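Structure data (mmCIF, C-alpha atoms) from input.cif:
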data_final
loop_
_atom_site.label_atom_id
_atom_site.label_comp_id
_atom_site.auth_asym_id
_atom_site.auth_seq_id
_atom_site.Cartn_x
_atom_site.Cartn_y
_atom_site.Cartn_z
CA MET A 1 60.19 4.63 3.84
CA SER A 2 60.81 1.23 5.29
CA GLY A 3 60.01 -0.80 8.36
CA THR A 4 57.68 0.93 10.81
CA ASP A 5 57.96 4.15 8.77
CA ARG A 6 56.00 2.81 5.81
CA ILE A 7 52.75 4.53 4.91
CA VAL A 8 49.63 2.39 4.62
CA ILE A 9 46.43 3.19 2.72
CA GLU A 10 43.82 2.20 5.32
CA GLY A 11 40.66 3.33 3.57
CA ILE A 12 39.34 4.52 0.19
CA GLY A 13 36.41 6.82 -0.50
CA ALA A 14 35.41 7.68 -4.06
CA VAL A 15 32.48 9.31 -5.83
CA GLY A 16 32.25 10.11 -9.52
CA GLY A 17 30.52 9.31 -12.77
CA PHE A 18 30.90 5.59 -12.02
CA GLY A 19 28.85 5.80 -8.81
CA CYS A 20 29.64 6.08 -5.11
CA GLY A 21 31.97 4.03 -2.89
CA THR A 22 34.53 1.28 -3.45
CA HIS A 23 31.80 -1.19 -4.41
CA ASP A 24 30.67 0.93 -7.36
CA LEU A 25 34.28 1.69 -8.31
CA SER A 26 35.14 -2.02 -8.27
CA ARG A 27 32.09 -2.81 -10.41
CA ALA A 28 33.16 -0.20 -12.97
CA LEU A 29 36.73 -1.49 -12.98
CA THR A 30 35.56 -5.04 -13.66
CA GLY A 31 33.67 -3.94 -16.77
CA ASN A 32 30.30 -2.72 -15.50
CA ALA A 33 30.92 0.94 -16.29
CA ARG A 34 28.23 3.59 -16.63
CA SER A 35 27.86 5.77 -19.70
CA PRO A 36 28.56 9.48 -19.28
CA GLY A 37 25.68 11.86 -18.75
CA THR A 38 25.43 15.40 -20.10
CA LEU A 39 26.10 18.94 -18.97
CA GLU A 40 23.92 21.61 -20.59
CA LEU A 41 25.72 24.89 -21.21
CA SER A 42 24.28 28.32 -21.95
CA THR A 43 25.96 29.79 -25.02
CA GLY A 44 25.35 32.71 -27.35
CA SER A 45 23.69 30.36 -29.82
CA GLY A 46 21.48 28.70 -27.21
CA PRO A 47 21.79 25.70 -24.86
CA VAL A 48 24.45 23.15 -25.86
CA PRO A 49 24.69 19.72 -24.20
CA ILE A 50 28.14 18.16 -23.86
CA PRO A 51 28.95 14.63 -22.61
CA ALA A 52 30.20 14.64 -19.02
CA PHE A 53 30.77 12.32 -16.07
CA ARG A 54 28.64 13.86 -13.28
CA ALA A 55 28.75 12.81 -9.63
CA ASP A 56 25.68 12.17 -7.47
CA VAL A 57 26.22 13.25 -3.84
CA SER A 58 22.82 12.18 -2.46
CA ARG A 59 24.46 9.56 -0.21
CA LEU A 60 25.97 12.38 1.83
CA GLU A 61 22.68 12.51 3.74
CA GLU A 62 23.69 9.18 5.34
CA PHE A 63 26.50 11.00 7.15
CA ILE A 64 25.38 14.62 7.63
CA PRO A 65 21.90 16.00 8.43
CA VAL A 66 20.09 17.61 5.49
CA ARG A 67 19.68 20.82 7.48
CA THR A 68 23.45 21.15 7.83
CA LEU A 69 23.95 20.62 4.09
CA ARG A 70 21.51 23.36 3.07
CA ARG A 71 24.14 26.05 2.44
CA ILE A 72 27.03 23.79 1.43
CA ASP A 73 27.92 23.93 -2.27
CA HIS A 74 28.48 21.00 -4.62
CA PHE A 75 32.30 21.25 -4.58
CA SER A 76 32.39 20.95 -0.79
CA ARG A 77 29.75 18.22 -0.81
CA LEU A 78 31.94 16.14 -3.10
CA GLY A 79 34.78 16.47 -0.59
CA LEU A 80 32.57 15.72 2.40
CA LEU A 81 31.15 12.57 0.81
CA GLY A 82 34.56 11.27 -0.28
CA SER A 83 36.03 11.87 3.18
CA HIS A 84 33.21 10.12 5.03
CA LEU A 85 33.35 7.16 2.64
CA ALA A 86 37.10 6.75 3.25
CA LEU A 87 36.70 6.86 7.04
CA ALA A 88 33.80 4.40 6.90
CA ASP A 89 35.84 2.08 4.66
CA ALA A 90 38.73 2.17 7.15
CA GLU A 91 36.36 1.81 10.12
CA LEU A 92 38.20 4.59 11.92
CA PRO A 93 36.71 5.19 15.41
CA GLU A 94 35.11 8.60 15.88
CA GLU A 95 37.37 9.44 18.80
CA GLU A 96 40.42 9.32 16.49
CA ARG A 97 39.05 11.85 13.98
CA SER A 98 40.14 14.87 16.00
CA ARG A 99 43.81 13.98 15.45
CA LEU A 100 43.58 13.77 11.65
CA GLY A 101 45.63 15.94 9.32
CA ILE A 102 43.69 16.93 6.19
CA ILE A 103 45.13 17.62 2.74
CA ILE A 104 42.94 18.40 -0.28
CA ALA A 105 44.27 18.48 -3.85
CA SER A 106 42.22 20.31 -6.47
CA GLY A 107 43.07 21.53 -9.93
CA TYR A 108 39.93 23.67 -10.37
CA GLY A 109 39.32 24.55 -6.73
CA ALA A 110 36.17 26.49 -5.92
CA ALA A 111 36.02 27.97 -9.43
CA GLY A 112 32.27 27.38 -9.72
CA MET A 113 31.41 29.33 -6.57
CA THR A 114 33.97 32.02 -7.39
CA TYR A 115 32.18 32.54 -10.71
CA ALA A 116 28.80 32.53 -8.95
CA PHE A 117 30.00 35.18 -6.48
CA LEU A 118 31.36 37.41 -9.25
CA LYS A 119 28.11 37.00 -11.15
CA SER A 120 26.10 38.12 -8.10
CA PHE A 121 28.51 41.02 -7.57
CA ILE A 122 28.07 42.21 -11.17
CA ASN A 123 24.29 41.75 -11.21
CA ASP A 124 23.45 42.98 -7.69
CA GLY A 125 26.31 45.30 -6.76
CA ASP A 126 28.73 45.10 -3.86
CA ILE A 127 26.03 45.71 -1.23
CA SER A 128 23.81 42.82 -2.36
CA ALA A 129 26.44 40.32 -3.54
CA SER A 130 25.82 36.83 -2.18
CA PRO A 131 27.61 36.22 1.15
CA THR A 132 26.99 32.47 0.78
CA CYS A 133 28.76 32.40 -2.57
CA PHE A 134 31.59 34.49 -1.14
CA SER A 135 32.22 32.17 1.81
CA SER A 136 32.21 29.15 -0.53
CA SER A 137 34.53 30.76 -3.08
CA VAL A 138 37.66 30.64 -0.91
CA HIS A 139 40.19 28.05 -2.03
CA ASN A 140 40.11 25.94 1.14
CA SER A 141 36.31 25.80 1.46
CA ALA A 142 36.08 22.01 0.98
CA ALA A 143 38.93 21.33 3.44
CA ALA A 144 37.33 23.67 5.99
CA HIS A 145 33.93 21.96 5.75
CA ILE A 146 35.55 18.55 6.15
CA SER A 147 37.54 19.67 9.19
CA ILE A 148 34.46 21.21 10.83
CA GLN A 149 32.17 18.24 10.21
CA LEU A 150 34.76 15.68 11.37
CA GLY A 151 36.00 17.74 14.29
CA ALA A 152 39.54 17.33 12.97
CA LYS A 153 42.02 19.60 14.79
CA GLY A 154 45.23 18.63 12.97
CA PRO A 155 46.96 20.62 10.20
CA ASN A 156 44.78 21.48 7.22
CA LEU A 157 46.02 22.27 3.72
CA THR A 158 44.69 22.71 0.18
CA VAL A 159 47.13 22.18 -2.71
CA SER A 160 46.53 23.32 -6.29
CA ASP A 161 49.05 22.51 -9.01
CA VAL A 162 46.52 21.88 -11.80
CA HIS A 163 47.25 18.41 -13.24
CA LEU A 164 50.05 17.73 -10.74
CA SER A 165 47.93 18.64 -7.69
CA VAL A 166 47.64 15.01 -6.53
CA PRO A 167 51.34 14.01 -6.50
CA SER A 168 52.28 17.43 -5.07
CA ALA A 169 49.80 17.07 -2.20
CA LEU A 170 50.83 13.47 -1.52
CA ALA A 171 54.45 14.58 -1.16
CA THR A 172 53.35 16.89 1.67
CA ALA A 173 51.26 14.13 3.25
CA ARG A 174 54.32 11.90 3.34
CA ILE A 175 56.34 14.66 5.02
CA TRP A 176 53.70 15.14 7.72
CA LEU A 177 53.71 11.43 8.49
CA ALA A 178 57.52 11.11 8.33
CA GLU A 179 57.92 14.01 10.77
CA GLU A 180 55.23 12.47 13.02
CA ARG A 181 53.21 15.67 12.98
CA VAL A 182 50.17 13.38 12.74
CA GLN A 183 49.61 9.63 12.79
CA ARG A 184 47.05 9.77 10.00
CA VAL A 185 46.38 12.02 7.03
CA LEU A 186 43.02 12.17 5.29
CA PHE A 187 44.10 12.92 1.73
CA GLY A 188 41.58 13.72 -0.97
CA ALA A 189 41.38 15.06 -4.51
CA VAL A 190 38.25 17.00 -5.44
CA ASP A 191 37.20 18.65 -8.70
CA GLU A 192 33.79 20.01 -9.69
CA LEU A 193 32.61 20.29 -13.28
CA SER A 194 31.01 23.69 -12.85
CA GLU A 195 29.25 25.75 -15.51
CA LEU A 196 32.43 27.84 -15.88
CA ILE A 197 34.74 24.84 -16.38
CA GLY A 198 32.25 23.25 -18.76
CA TYR A 199 32.02 26.40 -20.85
CA ILE A 200 35.80 26.78 -21.05
CA ARG A 201 35.97 23.15 -22.09
CA TYR A 202 33.34 23.70 -24.79
CA ARG A 203 35.06 26.81 -26.18
CA THR A 204 38.48 25.14 -26.36
CA ARG A 205 37.53 21.61 -27.46
CA GLY A 206 33.97 21.74 -28.73
CA ALA A 207 31.08 19.41 -27.86
CA LEU A 208 32.76 16.27 -29.19
CA PRO A 209 33.31 13.36 -28.80
CA ALA A 210 30.11 11.51 -29.54
CA GLY A 211 31.68 8.15 -28.65
CA PRO A 212 33.45 6.70 -25.61
CA MET A 213 36.84 7.78 -24.30
CA THR A 214 39.72 5.85 -25.87
CA PRO A 215 42.82 7.34 -24.20
CA LEU A 216 45.14 4.69 -25.65
CA ARG A 217 44.31 5.94 -29.13
CA THR A 218 46.53 8.95 -29.71
CA GLU A 219 45.56 10.07 -33.21
CA MET A 220 42.31 11.70 -32.09
CA GLU A 221 40.76 13.70 -29.23
CA THR A 222 38.34 11.58 -27.18
CA SER A 223 38.44 13.17 -23.71
CA ILE A 224 35.19 13.65 -21.77
CA PRO A 225 35.15 16.02 -18.77
CA GLY A 226 34.38 14.62 -15.34
CA GLU A 227 34.01 15.54 -11.70
CA GLY A 228 34.31 13.72 -8.41
CA ALA A 229 36.31 13.09 -5.28
CA ALA A 230 38.76 10.33 -4.36
CA PHE A 231 40.04 10.07 -0.78
CA LEU A 232 42.71 7.92 0.87
CA LEU A 233 43.18 7.53 4.60
CA LEU A 234 46.95 7.34 5.09
CA ALA A 235 48.61 6.10 8.27
CA ARG A 236 52.05 5.31 9.59
CA GLU A 237 52.46 1.54 9.61
CA SER A 238 53.11 1.58 13.35
CA ALA A 239 49.67 3.13 13.93
CA SER A 240 47.81 1.27 11.19
CA ARG A 241 45.35 -1.57 11.64
CA GLY A 242 46.05 -2.81 8.11
CA GLY A 243 44.72 -1.74 4.75
CA TYR A 244 45.04 -2.01 0.99
CA CYS A 245 48.72 -1.39 0.26
CA SER A 246 51.68 0.88 1.00
CA LEU A 247 52.32 4.34 -0.45
CA ASP A 248 56.04 4.26 -1.21
CA ALA A 249 56.79 7.54 -3.00
CA SER A 250 55.25 10.55 -4.70
CA THR A 251 57.40 12.85 -6.81
CA THR A 252 57.08 15.57 -9.42
CA GLY A 253 59.65 16.75 -11.88
CA SER A 254 60.51 17.79 -15.40
CA VAL A 255 62.10 15.27 -17.72
CA PRO A 256 62.25 15.17 -21.53
CA VAL A 257 60.23 12.37 -23.10
CA PRO A 258 61.28 9.63 -23.55
CA GLY A 259 63.24 9.17 -20.38
CA CYS A 260 60.76 9.50 -17.49
CA PRO A 261 62.30 7.38 -14.71
CA PHE A 262 59.34 5.20 -13.71
CA PRO A 263 60.20 2.06 -11.71
CA GLU A 264 60.47 -1.35 -13.29
CA PRO A 265 59.27 -4.04 -13.11
CA GLY A 266 55.62 -3.47 -12.29
CA LEU A 267 52.37 -2.18 -13.70
CA LEU A 268 52.26 1.43 -14.91
CA VAL A 269 48.81 3.06 -14.54
CA LEU A 270 48.61 5.94 -16.99
CA GLY A 271 46.67 9.13 -16.38
CA ALA A 272 46.03 9.52 -20.13
CA ASP A 273 42.60 11.12 -20.43
CA GLY A 274 41.89 11.13 -24.16
CA SER A 275 43.72 14.37 -24.83
CA ARG A 276 45.57 14.11 -28.13
CA GLU A 277 48.40 16.39 -27.00
CA THR A 278 49.39 14.48 -23.87
CA GLY A 279 48.42 11.14 -25.41
CA ARG A 280 51.46 11.21 -27.67
CA ARG A 281 53.71 11.87 -24.66
CA TYR A 282 52.18 8.97 -22.74
CA ALA A 283 52.80 6.73 -25.75
CA ALA A 284 56.47 7.79 -25.84
CA VAL A 285 56.94 7.24 -22.10
CA ALA A 286 55.14 3.89 -22.06
CA GLN A 287 57.27 2.22 -24.73
CA ASN A 288 57.71 -1.47 -23.91
CA ALA A 289 56.04 -1.02 -20.51
CA ARG A 290 53.14 -2.98 -19.04
CA VAL A 291 50.36 -0.41 -18.73
CA ALA A 292 46.74 0.07 -17.71
CA CYS A 293 44.44 3.09 -17.99
CA TYR A 294 41.10 3.65 -16.22
CA THR A 295 40.22 7.29 -16.98
CA PRO A 296 37.25 6.31 -19.24
CA LEU A 297 35.45 5.30 -16.03
CA TYR A 298 35.54 8.75 -14.37
CA GLY A 299 36.52 11.23 -17.08
CA SER A 300 39.10 13.93 -17.63
CA MET A 301 39.86 16.13 -14.59
CA PRO A 302 42.89 17.20 -12.53
CA ALA A 303 41.72 14.97 -9.65
CA GLY A 304 41.95 11.92 -11.93
CA PRO A 305 45.33 10.67 -10.58
CA ALA A 306 43.71 10.05 -7.17
CA PHE A 307 41.19 7.72 -8.83
CA ASP A 308 44.15 5.98 -10.52
CA LEU A 309 45.65 5.45 -7.05
CA ALA A 310 42.38 4.04 -5.75
CA ALA A 311 42.30 1.61 -8.69
CA GLY A 312 45.94 0.68 -8.05
CA ALA A 313 45.23 -0.02 -4.39
CA LEU A 314 42.30 -2.29 -5.30
CA ILE A 315 44.51 -4.14 -7.83
CA LEU A 316 47.25 -4.75 -5.26
CA LYS A 317 44.78 -5.97 -2.67
CA GLY A 318 42.97 -8.26 -5.12
CA GLY A 319 46.11 -9.45 -6.92
CA ARG A 320 44.68 -9.10 -10.44
CA VAL A 321 44.68 -6.37 -13.07
CA PHE A 322 41.39 -4.81 -14.16
CA PRO A 323 40.73 -4.46 -17.91
CA SER A 324 41.54 -1.09 -19.47
CA PRO A 325 38.33 0.33 -21.03
CA GLY A 326 38.88 1.67 -24.51
CA GLY A 327 42.17 -0.22 -24.83
CA ALA A 328 41.06 -2.20 -27.90
CA PHE A 329 41.85 0.76 -30.14
CA ARG A 330 45.30 1.43 -28.75
CA ASP A 331 48.25 2.52 -30.85
CA PHE A 332 50.55 2.44 -27.82
CA PRO A 333 53.88 0.60 -28.17
CA ALA A 334 53.16 -1.11 -24.83
CA THR A 335 51.59 -4.21 -23.31
CA VAL A 336 48.02 -3.74 -22.04
CA PRO A 337 46.95 -6.69 -19.84
CA VAL A 338 43.50 -8.16 -20.31
CA GLY A 339 41.21 -8.25 -17.32
CA GLY A 340 41.90 -10.89 -14.69
CA GLU A 341 45.62 -11.27 -15.30
CA PRO A 342 47.81 -11.50 -12.18
CA VAL A 343 49.53 -8.27 -11.24
CA GLY A 344 52.88 -10.01 -11.74
CA ALA A 345 54.77 -7.65 -9.42
CA ASP A 346 54.57 -6.17 -5.94
CA ARG A 347 54.54 -2.60 -7.21
CA ILE A 348 52.29 -0.27 -9.20
CA SER A 349 53.26 3.19 -10.39
CA CYS A 350 50.73 5.87 -11.36
CA LEU A 351 52.00 8.38 -13.92
CA THR A 352 50.60 11.83 -14.69
CA LEU A 353 51.94 14.09 -17.44
CA ALA A 354 51.35 17.83 -17.58
CA GLY A 355 52.76 20.72 -19.56
CA ASP A 356 55.62 20.22 -21.97
CA GLU A 357 57.93 18.11 -19.80
CA ALA A 358 56.33 17.97 -16.33
CA TYR A 359 55.34 14.70 -14.71
CA GLY A 360 54.08 13.29 -11.43
CA LEU A 361 54.79 9.74 -10.30
CA THR A 362 53.31 7.92 -7.31
CA THR A 363 54.33 4.38 -6.38
CA LEU A 364 52.33 1.81 -4.44
CA SER A 365 53.41 -1.63 -3.23
CA ARG A 366 51.76 -4.63 -1.64
CA ALA A 367 51.37 -4.23 2.10
CA ASP A 368 53.32 -7.44 2.80
CA SER A 369 56.24 -6.63 0.44
CA GLN A 370 59.54 -5.18 1.61
#

Could you write out this file's structure as structure tokens?
Amino acid sequence: MSGTDRIVIEGIGAVGGFGCGTHDLSRALTGNARSPGTLELSTGSGPVPIPAFRADVSRLEEFIPVRTLRRIDHFSRLGLLGSHLALADAELPEEERSRLGIIIASGYGAAGMTYAFLKSFINDGDISASPTCFSSSVHNSAAAHISIQLGAKGPNLTVSDVHLSVPSALATARIWLAEERVQRVLFGAVDELSELIGYIRYRTRGALPAGPMTPLRTEMETSIPGEGAAFLLLARESASRGGYCSLDASTTGSVPVPGCPFPEPGLLVLGADGSRETGRRYAAVAQNARVACYTPLYGSMPAGPAFDLAAGALILKGGRVFPSPGGAFRDFPATVPVGGEPVGADRISCLTLAGDEAYGLTTLSRADSQ
């Protein structure tokens, strides 16, 4: 898009293992990161703790009465908190909320509540199965709660494409804005680290690692599971009151590696999450590129690319690159800037790899660039 058709990121809302809000995210990006907590799993051999980036949603009580939250599950609370933080960051007037379009991207969806409902069905039978768990197990539960609490009457959609959920959902958000179906889209990515997801993670990868995530080190598995929500308030430039940067493109595709067509010049933010399998593909794609990686701040999850976008928007607004945590042990054939270096370009691309040859690519540019 160009001219008055450009899309502006007006506000950012984020909650995860790093904390809550853009202030906590900025602190983590500048080097004041928190250590991961733990998730205790019930296994056949007894309780097993695994390292995990957990999200605290207690600040949600600043926006929604406690009584209203009583029957709302953790997955939906993550979405509600992220959405309210983004709107507060953009200072969007309440009277404009009713015209919002809402798009939620989630790789895991309401898997935790689906498992809880099935568990109650098995234990208590179909007559006594939990109606609360059932109503929260539907795929669009978080989007529905957000729409109800905000009074948003625009189109509402939940997109799930596992690790490509974020770029797939953003492509739809761009279409809505291009077609002028809405003037603003509240886009968010939400993933919960439920007991089910944690157990699957433990059975497939074990309880390791004992150390920090080092995603730019491809010879070993260092991923740590995470949860959280990252929201962006998107607006057509003609309706925007300013913001962080412009959202230029979001695409998905399938391209053999090497050969992924990411734009140059510019900074490439990698979604590498410590997985040894995809780490080698990121290393092949990033040859001779200028890269950064921030997943050690919020952990491995399908919603991670939305946090990458939030980091990219903060970089473009501030003009300087944040240090890449865990980058000291890299074996990437790429340039990793140290913290505080100028961005050096008007554009940042966020890359996500999934499957054998699938990729998602989202490009941001400075708000005052053409």

query = Within 6 Å of Arg320 (chain A), counting all atoms listed in the file, which residues qualify if same-chain residues fewer than 3 places away don't, as a list of chain:residue names?
reply =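 Neighbouring residues, sequence-local ones excluded: A:Ile315, A:Gly340, A:Glu341, A:Pro342, A:Val343.
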
ask   = Any idea what's packed within 10 Å of Leu118 (chain A), counting all atoms listed in the file, ignoring anything in its chain fewer than 3 positions away? Could you give it as a PyMOL selection string?
value = chain A and resi 113-115+121-126+129-130+133-134+137

Save the residues we just selected, C-alpha atoms, as an mmCIF file, in the frame of the given file?
data_model
loop_
_atom_site.group_PDB
_atom_site.id
_atom_site.type_symbol
_atom_site.label_atom_id
_atom_site.label_comp_id
_atom_site.auth_asym_id
_atom_site.auth_seq_id
_atom_site.Cartn_x
_atom_site.Cartn_y
_atom_site.Cartn_z
ATOM 1 C CA MET A 113 31.410 29.330 -6.570
ATOM 2 C CA THR A 114 33.970 32.020 -7.390
ATOM 3 C CA TYR A 115 32.180 32.540 -10.710
ATOM 4 C CA PHE A 121 28.510 41.020 -7.570
ATOM 5 C CA ILE A 122 28.070 42.210 -11.170
ATOM 6 C CA ASN A 123 24.290 41.750 -11.210
ATOM 7 C CA ASP A 124 23.450 42.980 -7.690
ATOM 8 C CA GLY A 125 26.310 45.300 -6.760
ATOM 9 C CA ASP A 126 28.730 45.100 -3.860
ATOM 10 C CA ALA A 129 26.440 40.320 -3.540
ATOM 11 C CA SER A 130 25.820 36.830 -2.180
ATOM 12 C CA CYS A 133 28.760 32.400 -2.570
ATOM 13 C CA PHE A 134 31.590 34.490 -1.140
ATOM 14 C CA SER A 137 34.530 30.760 -3.080
#

query = In terms of the shortest atom-to-atom distance over all atoms listed in the file, which of A:Asp89, A:Asp248, A:Glu192, A:Glu94 is closest to Gly304 (chain A)?
reply = A:Glu192

Counting only C-alpha atoms, give me one row per residue of region 196-274 of chain A with an atom at most 10 Å from an atom of region 2-22 of chain A, showing the shortest contact pair and its distance in Å to one decimal, sorted by chain then residue number, as CSV.
residue,atom,partner,partner_atom,distance
A:Gly226,CA,A:Gly17,CA,7.0
A:Glu227,CA,A:Gly16,CA,6.1
A:Gly228,CA,A:Gly16,CA,4.3
A:Ala229,CA,A:Val15,CA,5.4
A:Ala230,CA,A:Ala14,CA,4.3
A:Phe231,CA,A:Gly13,CA,4.9
A:Leu232,CA,A:Ile12,CA,4.8
A:Leu233,CA,A:Gly11,CA,5.0
A:Leu234,CA,A:Ile9,CA,4.8
A:Ala235,CA,A:Val8,CA,5.3
A:Arg236,CA,A:Ile7,CA,4.8
A:Glu237,CA,A:Arg6,CA,5.3
A:Ser238,CA,A:Thr4,CA,5.3
A:Ala239,CA,A:Thr4,CA,8.9
A:Ser240,CA,A:Val8,CA,6.9
A:Arg241,CA,A:Glu10,CA,7.5
A:Gly242,CA,A:Glu10,CA,6.2
A:Gly243,CA,A:Glu10,CA,4.1
A:Tyr244,CA,A:Ile9,CA,5.7
A:Cys245,CA,A:Ile9,CA,5.7
A:Ser246,CA,A:Val8,CA,4.4
A:Leu247,CA,A:Ile7,CA,5.4
A:Asp248,CA,A:Ile7,CA,7.0
A:Ala249,CA,A:Ile7,CA,9.4

Separation of CA of Leu100 (chain A) from CA of Leu150 (chain A), in Å and rounded to one decimal =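 Taking CA of Leu100 (chain A) and CA of Leu150 (chain A), their separation equals 9.0 Å.
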
ask   = With distances taken over all atoms listed in the file, which of A:Gly339, A:Pro302, A:Gly266, A:Pro225 is nearest to Leu39 (chain A)?
value = A:Pro225

Step by step: start from the point (46.6, 20.7, -6.7) in the file's coordinates, keep every protein, DNA or RNA residue that has an atom no farther than 10 Å from it, count all atoms listed in the file, and write the set as a tab-separated table (two decimals) with C-alpha atoms, in the frame of the given file.
chain	number	residue	atom	x	y	z
A	104	ILE	CA	42.94	18.40	-0.28
A	105	ALA	CA	44.27	18.48	-3.85
A	106	SER	CA	42.22	20.31	-6.47
A	107	GLY	CA	43.07	21.53	-9.93
A	108	TYR	CA	39.93	23.67	-10.37
A	109	GLY	CA	39.32	24.55	-6.73
A	158	THR	CA	44.69	22.71	0.18
A	159	VAL	CA	47.13	22.18	-2.71
A	160	SER	CA	46.53	23.32	-6.29
A	161	ASP	CA	49.05	22.51	-9.01
A	162	VAL	CA	46.52	21.88	-11.80
A	163	HIS	CA	47.25	18.41	-13.24
A	164	LEU	CA	50.05	17.73	-10.74
A	165	SER	CA	47.93	18.64	-7.69
A	166	VAL	CA	47.64	15.01	-6.53
A	167	PRO	CA	51.34	14.01	-6.50
A	168	SER	CA	52.28	17.43	-5.07
A	169	ALA	CA	49.80	17.07	-2.20
A	170	LEU	CA	50.83	13.47	-1.52
A	189	ALA	CA	41.38	15.06	-4.51
A	190	VAL	CA	38.25	17.00	-5.44
A	191	ASP	CA	37.20	18.65	-8.70
A	302	PRO	CA	42.89	17.20	-12.53
A	303	ALA	CA	41.72	14.97	-9.65

Closest of A:Ser26, A:Thr335, A:Ser76, A:Gln287 to Val138 (chain A) - atom-to-atom distances counting only C-alpha atoms = A:Ser76

key: Atomic distance CA of Cys293 (chain A) - CA of Ala33 (chain A), expressed in Å with one decimal   =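 Spanning CA of Cys293 (chain A) to CA of Ala33 (chain A) is a straight-line distance of 13.8 Å.
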
Counting all atoms listed in the file, the option among A:Arg174, A:Arg205, A:Arg366, A:Lys119 closest to Asp346 (chain A) = A:Arg366

key: A:Pro51, A:Gly355, A:Val321, A:Ser365 ranked by distance to Arg201 (chain A), top pick (using all atoms listed in the file)   =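 Checking each of A:Pro51, A:Gly355, A:Val321, A:Ser365 against Arg201 (chain A), counting all atoms listed in the file, the winner is A:Pro51.
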
Each region 260-302 of chain A residue no farther than 10 Å from region 322-325 of chain A, nearest pair in Å, only C-alpha atoms, as a Markdown table:
| residue | atom | partner | partner_atom | distance |
| --- | --- | --- | --- | --- |
| A:Val269 | CA | A:Ser324 | CA | 9.7 |
| A:Val291 | CA | A:Ser324 | CA | 8.9 |
| A:Ala292 | CA | A:Ser324 | CA | 5.6 |
| A:Cys293 | CA | A:Ser324 | CA | 5.3 |
| A:Tyr294 | CA | A:Ser324 | CA | 5.8 |
| A:Thr295 | CA | A:Pro325 | CA | 8.3 |
| A:Pro296 | CA | A:Pro325 | CA | 6.3 |
| A:Leu297 | CA | A:Pro325 | CA | 7.6 |

key: Selected residue, from A:Ser254, A:Asn288, A:Ser135, A:Ser223, that lies nearest to Ala334 (chain A) when counting all atoms listed in the file   = A:Asn288

task = Take the PyMOL selection byres ((chain A and resi 202) around 10), apply it to the structure above, and return the hits as a PyMOL selection string.
result = chain A and resi 41+43+48-50+196-201+203-208+225

message = For His145 (chain A), find every residue with an atom within 9 Å (counting all atoms listed in the file), except residues of its own chain fewer than 3 positions away, and show them as a list in words.
response = Ile72, Ser76, Arg77, Gly79, Leu80, Asn140, Ser141, Ala142, Ile148, Gln149 and Leu150 of chain A

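CA of Arg280 (chain A) to CA of Arg217 (chain A) spans 9.0 Å [interatomic distance, one decimal].
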
key: Residues in the PyMOL selection byres ((chain A and resi 276) around 10), expressed as a PyMOL selection string   = chain A and resi 215-223+272-275+277-282

ask   = Please, which residues are within 8 Å of (47.0, 14.3, 10.9) by the file's coordinates, counting only C-alpha atoms, and could they come as a ChimeraX atom specification?
value = /A:99-102,154-155,176-177,181-186
